[in-house]
file target_33.txt (compact mmCIF, C-alpha atoms and all ligand atoms)
# COMPACT_ATOMS: atom_id res chain seq x y z
CA MET A 1 120.40 49.89 116.54
CA GLU A 2 117.15 48.01 116.40
CA LEU A 3 117.58 44.49 117.68
CA ASN A 4 115.39 41.82 116.27
CA ARG A 5 114.55 38.69 118.19
CA ARG A 6 117.14 36.55 116.43
CA THR A 7 119.95 39.04 117.25
CA VAL A 8 119.05 39.03 120.93
CA ILE A 9 118.85 35.26 121.19
CA ALA A 10 122.00 34.65 119.15
CA GLY A 11 123.80 37.24 121.25
CA ALA A 12 122.66 35.60 124.46
CA ALA A 13 123.80 32.21 123.24
CA ALA A 14 127.19 33.57 122.23
CA ALA A 15 127.60 35.15 125.65
CA GLY A 16 126.71 31.84 127.28
CA LEU A 17 123.61 33.34 128.85
CA ALA A 18 120.53 31.31 129.59
CA ALA A 19 117.55 32.58 127.62
CA THR A 20 115.77 33.17 130.91
CA THR A 21 118.36 35.83 131.76
CA LEU A 22 116.61 37.91 129.12
CA GLY A 23 113.25 37.10 130.61
CA THR A 24 112.17 35.53 127.36
CA GLY A 25 111.25 32.15 128.77
CA SER A 26 112.74 28.89 127.64
CA ALA A 27 110.78 28.12 124.48
CA GLU A 28 113.27 29.68 122.09
CA ALA A 29 116.04 27.51 123.49
CA ALA A 30 114.22 24.39 122.42
CA PRO A 31 114.41 23.76 118.66
CA GLY A 32 110.92 23.55 117.23
CA GLY A 33 109.40 25.56 120.04
CA ARG A 34 106.82 24.06 122.30
CA LYS A 35 103.97 21.84 121.13
CA PRO A 36 100.67 23.81 121.15
CA VAL A 37 98.66 23.16 124.31
CA LYS A 38 94.87 22.96 124.29
CA GLU A 39 92.50 23.88 127.13
CA LEU A 40 88.80 24.59 127.51
CA PHE A 41 88.11 28.36 127.34
CA GLY A 42 84.34 28.31 127.70
CA LYS A 43 81.05 27.15 126.25
CA LEU A 44 78.57 28.79 123.89
CA ALA A 45 74.91 29.02 124.88
CA ASP A 46 74.16 25.80 122.95
CA GLY A 47 76.88 23.93 124.86
CA THR A 48 79.51 24.00 122.10
CA LYS A 49 82.97 23.99 123.64
CA VAL A 50 85.42 26.74 122.75
CA HIS A 51 89.06 25.82 123.18
CA ARG A 52 92.12 27.94 123.66
CA TRP A 53 95.44 26.93 122.18
CA SER A 54 98.72 28.23 123.64
CA LEU A 55 101.80 28.44 121.45
CA GLU A 56 105.28 29.71 122.11
CA ASN A 57 108.34 30.06 119.91
CA GLY A 58 111.26 32.42 119.47
CA GLY A 59 110.18 34.49 122.46
CA THR A 60 106.60 35.11 121.23
CA ARG A 61 103.61 33.70 123.12
CA LEU A 62 100.28 33.35 121.35
CA LYS A 63 96.87 32.22 122.61
CA VAL A 64 94.22 31.41 120.01
CA LEU A 65 90.55 30.53 120.37
CA SER A 66 88.61 28.10 118.20
CA TRP A 67 85.92 30.83 118.28
CA GLY A 68 86.64 33.14 115.32
CA GLY A 69 90.31 32.09 115.24
CA VAL A 70 90.64 34.86 117.81
CA VAL A 71 94.09 35.88 119.03
CA GLN A 72 93.08 36.10 122.67
CA SER A 73 96.55 37.08 123.85
CA LEU A 74 99.89 37.85 122.21
CA GLU A 75 102.74 38.37 124.61
CA LEU A 76 106.03 40.00 123.71
CA PRO A 77 109.07 41.04 125.74
CA ASP A 78 110.03 44.71 126.03
CA ARG A 79 113.60 45.99 125.85
CA HIS A 80 114.21 44.67 129.39
CA GLY A 81 112.69 41.25 128.66
CA HIS A 82 109.43 41.99 130.49
CA TYR A 83 106.40 40.44 128.82
CA ALA A 84 103.10 42.15 128.14
CA ASN A 85 99.99 41.13 126.23
CA VAL A 86 99.95 43.54 123.27
CA SER A 87 96.56 42.52 121.83
CA LEU A 88 93.17 43.68 123.14
CA GLY A 89 90.73 40.98 124.16
CA PHE A 90 88.58 39.46 126.88
CA ASP A 91 89.18 36.81 129.52
CA ASN A 92 85.87 35.00 128.89
CA ILE A 93 83.84 33.64 125.98
CA ASP A 94 80.60 35.45 126.85
CA ASP A 95 82.12 38.87 126.18
CA TYR A 96 83.50 37.64 122.86
CA VAL A 97 80.05 36.44 121.84
CA ALA A 98 78.11 39.47 123.09
CA LYS A 99 80.31 42.51 122.73
CA THR A 100 83.49 42.12 120.76
CA PRO A 101 84.37 44.68 118.10
CA TYR A 102 86.28 41.89 116.29
CA PHE A 103 89.09 41.75 118.90
CA GLY A 104 91.84 39.53 117.45
CA ALA A 105 89.45 37.77 115.08
CA LEU A 106 89.71 36.28 111.63
CA ILE A 107 87.56 38.30 109.24
CA GLY A 108 85.60 36.83 106.34
CA ARG A 109 84.24 36.45 103.86
CA TYR A 110 85.00 40.08 103.16
CA GLY A 111 87.23 42.30 105.29
CA ASN A 112 85.82 45.82 105.67
CA ARG A 113 82.74 47.22 103.91
CA ILE A 114 80.70 46.43 100.84
CA GLY A 115 78.44 49.35 99.95
CA LYS A 116 74.75 48.67 100.66
CA GLY A 117 75.79 45.02 101.04
CA ARG A 118 75.22 44.57 97.32
CA PHE A 119 77.26 43.56 94.34
CA THR A 120 76.76 42.02 90.90
CA LEU A 121 78.93 39.20 89.62
CA ASP A 122 78.62 37.63 86.16
CA GLY A 123 75.25 39.36 85.77
CA THR A 124 73.74 38.07 89.02
CA ALA A 125 72.94 40.55 91.82
CA TYR A 126 73.67 39.44 95.38
CA GLN A 127 72.31 40.96 98.59
CA LEU A 128 74.54 40.40 101.60
CA SER A 129 73.79 40.58 105.28
CA VAL A 130 73.86 44.25 106.28
CA ASN A 131 75.27 45.14 109.73
CA ASP A 132 76.78 48.63 109.56
CA GLY A 133 74.03 51.11 108.70
CA VAL A 134 73.12 50.22 105.12
CA ASN A 135 76.46 48.52 104.50
CA SER A 136 77.90 45.06 105.07
CA LEU A 137 80.94 45.04 107.38
CA HIS A 138 83.45 42.22 107.93
CA GLY A 139 81.26 39.51 106.40
CA GLY A 140 77.86 40.48 107.87
CA THR A 141 75.98 39.77 111.09
CA LYS A 142 77.62 36.38 111.54
CA GLY A 143 80.98 36.50 109.82
CA PHE A 144 83.99 34.22 110.24
CA ASP A 145 84.75 35.99 113.53
CA LYS A 146 81.58 34.45 115.03
CA ARG A 147 82.08 30.86 113.90
CA VAL A 148 83.71 27.91 115.59
CA TRP A 149 86.73 26.77 113.58
CA ASP A 150 88.25 23.29 113.50
CA VAL A 151 91.76 23.59 114.84
CA GLU A 152 94.67 21.23 114.19
CA PRO A 153 98.03 21.87 115.88
CA PHE A 154 101.35 21.17 114.17
CA THR A 155 105.07 21.34 114.67
CA LYS A 156 107.19 21.44 111.54
CA GLY A 157 110.96 21.79 111.77
CA SER A 158 111.52 24.74 114.06
CA ASP A 159 107.98 26.11 113.50
CA VAL A 160 104.92 25.57 115.65
CA GLY A 161 101.40 26.45 114.65
CA LEU A 162 97.75 25.81 114.08
CA HIS A 163 95.70 25.03 111.02
CA LEU A 164 92.19 26.48 111.30
CA TYR A 165 89.38 25.29 109.05
CA TYR A 166 85.94 26.67 108.35
CA VAL A 167 83.45 25.78 105.62
CA SER A 168 81.05 28.58 104.74
CA ILE A 169 78.07 27.17 102.90
CA ASP A 170 76.63 28.52 99.65
CA GLY A 171 74.46 31.54 100.45
CA GLU A 172 75.81 32.11 103.95
CA MET A 173 75.49 35.83 104.76
CA GLY A 174 74.31 36.20 101.13
CA TYR A 175 77.60 35.18 99.50
CA PRO A 176 77.53 32.77 96.55
CA GLY A 177 79.45 29.48 96.61
CA THR A 178 80.55 27.14 99.34
CA LEU A 179 83.85 28.58 100.52
CA ARG A 180 86.34 26.16 102.09
CA THR A 181 88.78 28.17 104.16
CA LYS A 182 92.05 27.16 105.75
CA VAL A 183 94.06 29.61 107.80
CA THR A 184 97.47 28.69 109.19
CA TYR A 185 98.99 30.53 112.14
CA THR A 186 102.73 29.85 112.41
CA LEU A 187 105.17 30.96 115.08
CA THR A 188 108.69 30.73 113.71
CA ARG A 189 111.92 30.20 115.62
CA ASP A 190 112.55 33.95 115.31
CA GLY A 191 109.23 34.64 117.03
CA ASP A 192 107.48 35.85 113.85
CA TRP A 193 103.75 35.28 113.65
CA ARG A 194 102.80 34.35 110.09
CA ILE A 195 99.27 33.97 108.73
CA ASP A 196 98.61 32.00 105.54
CA TYR A 197 95.06 32.14 104.21
CA GLU A 198 93.67 29.76 101.60
CA ALA A 199 90.17 29.38 100.18
CA THR A 200 88.40 27.59 97.36
CA THR A 201 84.86 27.93 96.06
CA ASP A 202 82.41 25.94 93.94
CA LYS A 203 80.76 29.07 92.43
CA ALA A 204 82.20 32.43 91.44
CA THR A 205 82.31 34.61 94.54
CA VAL A 206 84.26 37.43 96.20
CA VAL A 207 86.67 36.98 99.08
CA ASN A 208 88.94 39.19 101.19
CA LEU A 209 90.23 37.62 104.39
CA THR A 210 92.13 39.42 107.11
CA SER A 211 92.98 39.50 110.81
CA HIS A 212 91.63 42.07 113.25
CA VAL A 213 94.20 42.23 116.05
CA TYR A 214 94.00 45.46 118.08
CA TRP A 215 97.62 46.35 118.86
CA ASN A 216 98.92 48.24 121.84
CA LEU A 217 102.64 47.55 122.03
CA ALA A 218 102.82 49.03 125.54
CA GLY A 219 100.33 46.36 126.68
CA GLU A 220 96.55 46.09 126.44
CA GLY A 221 94.78 48.35 128.89
CA SER A 222 97.84 50.61 129.33
CA GLY A 223 96.32 53.66 127.64
CA SER A 224 96.49 55.45 124.32
CA ILE A 225 98.51 54.43 121.26
CA GLU A 226 98.97 58.06 120.22
CA ASN A 227 102.68 57.89 121.10
CA HIS A 228 103.23 54.82 118.95
CA GLU A 229 105.17 55.65 115.80
CA LEU A 230 103.80 54.27 112.57
CA ALA A 231 105.21 54.05 109.08
CA ILE A 232 103.16 52.85 106.08
CA ALA A 233 104.80 52.35 102.67
CA ALA A 234 101.97 54.01 100.75
CA SER A 235 101.77 57.24 98.73
CA ARG A 236 97.99 57.06 98.29
CA TYR A 237 94.90 56.08 100.23
CA THR A 238 91.23 55.56 99.43
CA PRO A 239 89.06 58.44 100.76
CA THR A 240 85.57 57.43 101.84
CA ASP A 241 82.03 58.78 101.94
CA SER A 242 80.20 59.32 105.22
CA GLY A 243 79.46 55.57 105.48
CA LEU A 244 83.19 54.78 105.16
CA ILE A 245 82.75 53.40 101.65
CA PRO A 246 85.59 54.38 99.27
CA THR A 247 84.64 57.06 96.75
CA GLY A 248 86.83 55.33 94.15
CA GLU A 249 89.50 58.03 94.24
CA LEU A 250 93.11 57.13 95.02
CA ALA A 251 94.20 60.30 96.80
CA LYS A 252 97.80 61.35 97.47
CA VAL A 253 98.87 61.29 101.11
CA SER A 254 101.45 63.98 100.44
CA GLY A 255 100.73 67.15 102.43
CA THR A 256 97.92 65.47 104.43
CA PRO A 257 97.65 63.82 107.88
CA PHE A 258 97.56 60.52 105.96
CA ASP A 259 101.26 60.73 105.12
CA PHE A 260 102.98 57.97 107.10
CA ARG A 261 105.76 57.39 104.56
CA ARG A 262 108.19 58.47 107.27
CA ALA A 263 107.47 57.13 110.73
CA LYS A 264 105.52 59.59 112.87
CA ALA A 265 103.62 59.48 116.12
CA ILE A 266 100.00 58.53 115.48
CA GLY A 267 98.86 61.40 117.70
CA ARG A 268 100.79 64.00 115.74
CA ASP A 269 98.17 64.72 113.08
CA ILE A 270 95.16 62.77 114.39
CA ARG A 271 93.36 66.01 115.36
CA ALA A 272 94.27 67.87 112.16
CA ALA A 273 90.57 68.19 111.25
CA HIS A 274 91.06 66.90 107.72
CA PRO A 275 87.49 66.25 106.47
CA GLN A 276 88.34 62.55 106.04
CA GLN A 277 89.35 62.32 109.70
CA VAL A 278 86.25 64.10 110.88
CA THR A 279 84.11 61.53 109.07
CA ALA A 280 86.07 58.58 110.44
CA LYS A 281 86.65 60.00 113.95
CA GLY A 282 90.37 59.50 113.38
CA TYR A 283 92.11 57.15 110.99
CA ASP A 284 89.96 54.40 109.47
CA HIS A 285 91.16 54.13 105.91
CA ASN A 286 92.70 51.86 103.36
CA TRP A 287 96.25 52.76 102.33
CA VAL A 288 97.19 51.86 98.74
CA LEU A 289 100.51 50.12 99.22
CA ASP A 290 103.23 51.34 96.86
CA LYS A 291 104.48 47.80 96.23
CA GLY A 292 101.09 46.70 94.86
CA ILE A 293 100.14 43.02 94.78
CA THR A 294 103.26 40.90 95.17
CA ALA A 295 103.97 37.19 94.84
CA ARG A 296 105.39 37.10 98.36
CA PRO A 297 104.89 39.18 101.49
CA GLU A 298 106.88 42.41 101.37
CA HIS A 299 107.34 45.01 104.07
CA VAL A 300 104.35 47.38 104.30
CA ALA A 301 104.30 48.93 107.77
CA THR A 302 106.26 49.37 110.98
CA LEU A 303 104.87 50.22 114.39
CA ARG A 304 107.04 51.20 117.37
CA ASP A 305 106.25 51.99 120.96
CA PRO A 306 109.05 54.21 122.27
CA SER A 307 108.18 53.54 125.92
CA SER A 308 108.68 49.75 125.83
CA GLY A 309 110.89 49.55 122.75
CA ARG A 310 108.59 46.92 121.24
CA THR A 311 108.30 46.97 117.47
CA LEU A 312 106.00 45.29 114.97
CA SER A 313 106.88 45.00 111.32
CA ILE A 314 104.25 43.77 108.85
CA ALA A 315 104.88 42.15 105.48
CA SER A 316 102.06 41.33 103.08
CA ASP A 317 101.39 40.31 99.48
CA GLN A 318 98.12 42.30 99.42
CA PRO A 319 97.55 45.70 97.74
CA GLY A 320 95.99 47.46 100.76
CA LEU A 321 96.32 48.09 104.47
CA GLN A 322 93.48 49.32 106.69
CA PHE A 323 94.78 51.49 109.50
CA TYR A 324 92.05 51.91 112.10
CA SER A 325 92.94 53.99 115.18
CA GLY A 326 90.45 52.40 117.58
CA ASN A 327 87.94 55.24 117.08
CA PHE A 328 84.89 53.32 118.24
CA LEU A 329 86.35 52.11 121.54
CA ASP A 330 84.29 54.13 123.98
CA GLY A 331 85.13 53.05 127.51
CA THR A 332 82.32 50.50 127.75
CA LEU A 333 84.42 47.33 127.33
CA VAL A 334 86.53 45.85 130.11
CA GLY A 335 89.47 43.94 128.68
CA THR A 336 91.58 40.92 129.56
CA GLY A 337 93.53 42.67 132.31
CA GLY A 338 90.44 44.18 133.96
CA ARG A 339 90.94 47.67 132.50
CA VAL A 340 88.54 49.70 130.40
CA TYR A 341 89.33 50.34 126.72
CA ARG A 342 88.86 53.95 125.63
CA GLN A 343 89.04 55.61 122.24
CA GLY A 344 92.50 55.23 120.71
CA ASP A 345 93.68 52.59 123.19
CA ALA A 346 94.70 50.33 120.28
CA LEU A 347 95.08 50.29 116.53
CA CYS A 348 94.46 47.76 113.79
CA LEU A 349 96.59 47.17 110.71
CA GLU A 350 94.56 44.92 108.43
CA THR A 351 96.26 43.59 105.30
CA GLN A 352 93.61 43.41 102.60
CA HIS A 353 92.16 44.14 99.20
CA PHE A 354 90.47 47.53 99.06
CA PRO A 355 87.07 47.92 100.73
CA ASP A 356 84.04 47.71 98.42
CA SER A 357 86.14 46.26 95.57
CA PRO A 358 83.18 44.22 94.26
CA ASN A 359 81.52 47.56 93.35
CA GLN A 360 84.63 49.42 92.21
CA PRO A 361 85.77 48.28 88.75
CA SER A 362 89.00 50.30 89.01
CA PHE A 363 90.14 48.47 92.18
CA PRO A 364 92.08 45.17 92.01
CA SER A 365 89.63 42.28 91.71
CA THR A 366 88.50 40.17 94.68
CA VAL A 367 86.69 37.59 92.55
CA LEU A 368 87.47 33.93 93.22
CA ARG A 369 86.37 31.31 90.70
CA PRO A 370 85.99 27.55 90.98
CA GLY A 371 89.24 25.72 90.26
CA ARG A 372 91.35 28.60 91.61
CA THR A 373 92.79 28.90 95.11
CA TYR A 374 92.71 32.19 96.99
CA ARG A 375 96.01 32.61 98.81
CA THR A 376 97.45 35.42 100.84
CA SER A 377 100.05 35.68 103.59
CA THR A 378 100.91 38.22 106.26
CA VAL A 379 104.04 38.11 108.41
CA HIS A 380 104.31 39.95 111.73
CA SER A 381 107.87 40.33 112.99
CA PHE A 382 108.61 41.66 116.44
CA GLY A 383 111.55 43.33 118.09
CA SER A 384 112.45 45.28 121.19
C1 LIG B 401 87.39 48.05 110.85
C2 LIG B 401 86.62 49.16 110.26
C3 LIG B 401 86.21 50.12 111.31
C4 LIG B 401 85.48 49.43 112.44
C5 LIG B 401 86.33 48.32 112.96
C6 LIG B 401 85.61 47.50 114.00
O1 LIG B 401 88.68 48.39 111.09
O2 LIG B 401 87.30 49.82 109.23
O3 LIG B 401 85.39 51.12 110.76
O4 LIG B 401 84.27 48.93 111.99
O5 LIG B 401 86.72 47.46 111.94
O6 LIG B 401 85.02 48.26 114.98
call {"tool": "encode", "arguments": {"input": "target_33.txt", "output": "structure tokens", "more": "lines below"}}
Ligand code: GLA
result
Amino acid sequence: MELNRRTVIAGAAAAGLAATTLGTGSAEAAPGGRKPVKELFGKLADGTKVHRWSLENGGTRLKVLSWGGVVQSLELPDRHGHYANVSLGFDNIDDYVAKTPYFGALIGRYGNRIGKGRFTLDGTAYQLSVNDGVNSLHGGTKGFDKRVWDVEPFTKGSDVGLHLYYVSIDGEMGYPGTLRTKVTYTLTRDGDWRIDYEATTDKATVVNLTSHVYWNLAGEGSGSIENHELAIAASRYTPTDSGLIPTGELAKVSGTPFDFRRAKAIGRDIRAAHPQQVTAKGYDHNWVLDKGITARPEHVATLRDPSSGRTLSIASDQPGLQFYSGNFLDGTLVGTGGRVYRQGDALCLETQHFPDSPNQPSFPSTVLRPGRTYRTSTVHSFGS
């Protein structure tokens, strides 16, 4: 039986056990969790302070930077109650500024790629900042991951969390309209980590916000994720060209290495030499979620590390999920725990609209107009 966090805690309470017996700390015993704690993490070259906020609730521990809304650390207990940081990152601000491949960051204005960094909206052509060959990736050279966000802590009932605010001015990175963005990170009493994104604009624009946590449920720096088992509730995916821009086709996963409808080890088919994998150096694709766009987050993917027993379950209201198998990690980055990150040492599961949607009329629209509010939510639930 798979135990979720609530089962374990309720069971412990019923048995009259202190929460610490399970090694899960004391935060879950206190209703409302612990008030977020702020500390200085470092300074940017211009002297701007970057703060780190520590949150804990329901057995989950989260550390968030005001730089890029970065999840700098996310600690979870294993089946024996031993904690590990399951999210790749750095222990200092300089590495985040100089080298990060979006570790733990908020991504905007547009998650993933826009072909040639160009699109036309209402008859006007826009040229975006280009930072991935000829394409624009994750918002351009200075996306939301490289901005200092205003952070406001909150406790609400049994939840604890942070509101993060960033105003992206008209024309920033080539995007039209001033985009006012609010992202809320909530840790619930069950230890779920929920992200609620909101944005408004004063001119028609495109938007696709996501989070770029690199997961390794055995602990960052512990080696490959090829033994992790992944399930994605998707019968189709969007094949790409050599620049990782979708061709427009929605291809069936059936009979291909892209079939994750039943949980399988990531390593099982990763060397299958499917042409799409050769191009991407592994998995780096958008899965077309069977549930489509939904009013509320619905289950889309499950990840499990058999060695630690840790599980991650993702629910989203979005139509797509980017599964990236850490293909570009190349042993040159030294992470939080002082270990080198090599190819496949983590994976990303980015809830999103499809890449390049502004140039693909058949994909669900990513246009946001004045007077409307962009809203999307992702819920990460953990177990062990
Ligand atoms: C996304 C992309 C990948 C890669 C990573 C960051 O997941 O799909 O191709 O750019 O971000 O390295």
call {"tool": "residues_near_ligand", "arguments": {"input": "target_33.txt", "ligand": "ligand LIG 401 (chain B)", "cutoff": "6 Å", "atoms": "all atoms listed in the file", "output": "MDAnalysis selection string"}}
result
chainID A and resid 101 112 284 324
call {"tool": "residues_around", "arguments": {"input": "target_33.txt", "residues": "Asp150 of chain A", "least_positions_apart": "5", "cutoff": "7 Å", "atoms": "only C-alpha atoms", "output": "list in words"}}
result
Ser66, Leu164, Tyr165 and Tyr166 of chain A
call {"tool": "residues_around", "arguments": {"input": "target_33.txt", "residues": "segment 369-376 of chain A", "least_positions_apart": "6", "cutoff": "7 Å", "atoms": "all atoms listed in the file", "output": "VMD selection string"}}
result
chain A and resid 196 to 205 317
call {"tool": "residues_around", "arguments": {"input": "target_33.txt", "residues": "Lys252 of chain A", "least_positions_apart": "6", "cutoff": "8 Å", "atoms": "only C-alpha atoms", "output": "list of chain:residue names"}}
result
A:Ser235, A:Arg236, A:Tyr237
call {"tool": "atom_distance", "arguments": {"input": "target_33.txt", "atom1": "atom CA of Glu56 of chain A", "atom2": "atom CA of Leu321 of chain A"}}
result
27.0 Å
call {"tool": "atom_distance", "arguments": {"input": "target_33.txt", "atom1": "atom CA of Leu209 of chain A", "atom2": "atom CA of Leu230 of chain A"}}
result
23.0 Å
call {"tool": "closest_residue", "arguments": {"input": "target_33.txt", "among": "A:Leu162, A:Leu333, A:Val278, A:Leu128", "to": "Ser54 of chain A", "atoms": "only C-alpha atoms"}}
result
A:Leu162
call {"tool": "residues_around", "arguments": {"input": "target_33.txt", "residues": "Val288 of chain A", "least_positions_apart": "3", "cutoff": "12 Å", "atoms": "all atoms listed in the file", "output": "short mmCIF file (atom, residue, chain, number, x, y, z; two decimals) with C-alpha atoms, in the coordinates of the input"}}
result
data_model
loop_
_atom_site.label_atom_id
_atom_site.label_comp_id
_atom_site.auth_asym_id
_atom_site.auth_seq_id
_atom_site.Cartn_x
_atom_site.Cartn_y
_atom_site.Cartn_z
CA ILE A 232 103.16 52.85 106.08
CA ALA A 233 104.80 52.35 102.67
CA ALA A 234 101.97 54.01 100.75
CA SER A 235 101.77 57.24 98.73
CA ARG A 236 97.99 57.06 98.29
CA TYR A 237 94.90 56.08 100.23
CA THR A 238 91.23 55.56 99.43
CA PRO A 239 89.06 58.44 100.76
CA PRO A 246 85.59 54.38 99.27
CA GLY A 248 86.83 55.33 94.15
CA GLU A 249 89.50 58.03 94.24
CA LEU A 250 93.11 57.13 95.02
CA ALA A 251 94.20 60.30 96.80
CA LYS A 252 97.80 61.35 97.47
CA VAL A 253 98.87 61.29 101.11
CA PHE A 258 97.56 60.52 105.96
CA ASP A 259 101.26 60.73 105.12
CA PHE A 260 102.98 57.97 107.10
CA ARG A 261 105.76 57.39 104.56
CA HIS A 285 91.16 54.13 105.91
CA LYS A 291 104.48 47.80 96.23
CA GLY A 292 101.09 46.70 94.86
CA ILE A 293 100.14 43.02 94.78
CA VAL A 300 104.35 47.38 104.30
CA ALA A 301 104.30 48.93 107.77
CA GLN A 318 98.12 42.30 99.42
CA PRO A 319 97.55 45.70 97.74
CA GLY A 320 95.99 47.46 100.76
CA LEU A 321 96.32 48.09 104.47
CA GLN A 322 93.48 49.32 106.69
CA PHE A 323 94.78 51.49 109.50
CA THR A 351 96.26 43.59 105.30
CA GLN A 352 93.61 43.41 102.60
CA HIS A 353 92.16 44.14 99.20
CA PHE A 354 90.47 47.53 99.06
CA PRO A 355 87.07 47.92 100.73
CA PHE A 363 90.14 48.47 92.18
CA PRO A 364 92.08 45.17 92.01
#
call {"tool": "decode", "arguments": {"input": "target_33.txt", "residues": "segment 328-348 of chain A", "atoms": "N, CA and C atoms", "output": "PDB file, in the first residue's frame"}}
result
ATOM      1  N   PHE A 328      21.096  17.761 -20.620  1.00  0.00           N
ATOM      2  CA  PHE A 328      22.196  18.725 -20.802  1.00  0.00           C
ATOM      3  C   PHE A 328      23.076  18.863 -19.570  1.00  0.00           C
ATOM      4  N   LEU A 329      22.750  18.151 -18.496  1.00  0.00           N
ATOM      5  CA  LEU A 329      23.654  18.150 -17.335  1.00  0.00           C
ATOM      6  C   LEU A 329      24.908  17.388 -17.772  1.00  0.00           C
ATOM      7  N   ASP A 330      26.062  17.996 -17.604  1.00  0.00           N
ATOM      8  CA  ASP A 330      27.249  17.396 -18.228  1.00  0.00           C
ATOM      9  C   ASP A 330      28.435  17.268 -17.279  1.00  0.00           C
ATOM     10  N   GLY A 331      28.178  17.267 -15.991  1.00  0.00           N
ATOM     11  CA  GLY A 331      29.273  17.058 -15.046  1.00  0.00           C
ATOM     12  C   GLY A 331      30.093  18.299 -14.760  1.00  0.00           C
ATOM     13  N   THR A 332      29.624  19.463 -15.215  1.00  0.00           N
ATOM     14  CA  THR A 332      30.394  20.689 -14.974  1.00  0.00           C
ATOM     15  C   THR A 332      29.843  21.514 -13.802  1.00  0.00           C
ATOM     16  N   LEU A 333      28.660  21.150 -13.302  1.00  0.00           N
ATOM     17  CA  LEU A 333      28.072  21.924 -12.205  1.00  0.00           C
ATOM     18  C   LEU A 333      28.185  21.151 -10.893  1.00  0.00           C
ATOM     19  N   VAL A 334      28.612  21.860  -9.854  1.00  0.00           N
ATOM     20  CA  VAL A 334      28.692  21.259  -8.517  1.00  0.00           C
ATOM     21  C   VAL A 334      27.497  21.765  -7.715  1.00  0.00           C
ATOM     22  N   GLY A 335      26.689  20.837  -7.231  1.00  0.00           N
ATOM     23  CA  GLY A 335      25.423  21.200  -6.611  1.00  0.00           C
ATOM     24  C   GLY A 335      25.493  21.484  -5.127  1.00  0.00           C
ATOM     25  N   THR A 336      24.316  21.668  -4.535  1.00  0.00           N
ATOM     26  CA  THR A 336      24.157  22.071  -3.139  1.00  0.00           C
ATOM     27  C   THR A 336      24.984  21.231  -2.169  1.00  0.00           C
ATOM     28  N   GLY A 337      24.991  19.920  -2.396  1.00  0.00           N
ATOM     29  CA  GLY A 337      25.674  19.020  -1.460  1.00  0.00           C
ATOM     30  C   GLY A 337      27.131  18.788  -1.800  1.00  0.00           C
ATOM     31  N   GLY A 338      27.676  19.571  -2.764  1.00  0.00           N
ATOM     32  CA  GLY A 338      29.091  19.441  -3.100  1.00  0.00           C
ATOM     33  C   GLY A 338      29.389  18.322  -4.091  1.00  0.00           C
ATOM     34  N   ARG A 339      28.354  17.784  -4.730  1.00  0.00           N
ATOM     35  CA  ARG A 339      28.556  16.713  -5.715  1.00  0.00           C
ATOM     36  C   ARG A 339      28.273  17.240  -7.113  1.00  0.00           C
ATOM     37  N   VAL A 340      28.921  16.595  -8.091  1.00  0.00           N
ATOM     38  CA  VAL A 340      28.767  17.015  -9.479  1.00  0.00           C
ATOM     39  C   VAL A 340      27.472  16.433 -10.054  1.00  0.00           C
ATOM     40  N   TYR A 341      26.804  17.205 -10.901  1.00  0.00           N
ATOM     41  CA  TYR A 341      25.604  16.728 -11.585  1.00  0.00           C
ATOM     42  C   TYR A 341      25.962  16.269 -12.990  1.00  0.00           C
ATOM     43  N   ARG A 342      25.651  14.992 -13.270  1.00  0.00           N
ATOM     44  CA  ARG A 342      25.930  14.434 -14.597  1.00  0.00           C
ATOM     45  C   ARG A 342      24.626  14.194 -15.356  1.00  0.00           C
ATOM     46  N   GLN A 343      24.780  13.876 -16.631  1.00  0.00           N
ATOM     47  CA  GLN A 343      23.587  13.685 -17.470  1.00  0.00           C
ATOM     48  C   GLN A 343      22.632  12.676 -16.829  1.00  0.00           C
ATOM     49  N   GLY A 344      21.353  13.055 -16.756  1.00  0.00           N
ATOM     50  CA  GLY A 344      20.343  12.141 -16.220  1.00  0.00           C
ATOM     51  C   GLY A 344      20.324  12.059 -14.704  1.00  0.00           C
ATOM     52  N   ASP A 345      20.959  13.003 -14.031  1.00  0.00           N
ATOM     53  CA  ASP A 345      20.950  12.992 -12.557  1.00  0.00           C
ATOM     54  C   ASP A 345      19.684  13.624 -11.971  1.00  0.00           C
ATOM     55  N   ALA A 346      18.779  14.079 -12.832  1.00  0.00           N
ATOM     56  CA  ALA A 346      17.514  14.656 -12.376  1.00  0.00           C
ATOM     57  C   ALA A 346      16.572  14.716 -13.564  1.00  0.00           C
ATOM     58  N   LEU A 347      15.307  14.944 -13.279  1.00  0.00           N
ATOM     59  CA  LEU A 347      14.341  15.152 -14.356  1.00  0.00           C
ATOM     60  C   LEU A 347      13.408  16.286 -13.995  1.00  0.00           C
ATOM     61  N   CYS A 348      12.855  16.922 -15.030  1.00  0.00           N
ATOM     62  CA  CYS A 348      11.893  17.992 -14.835  1.00  0.00           C
ATOM     63  C   CYS A 348      10.537  17.557 -15.371  1.00  0.00           C
TER      64      CYS A 348
END
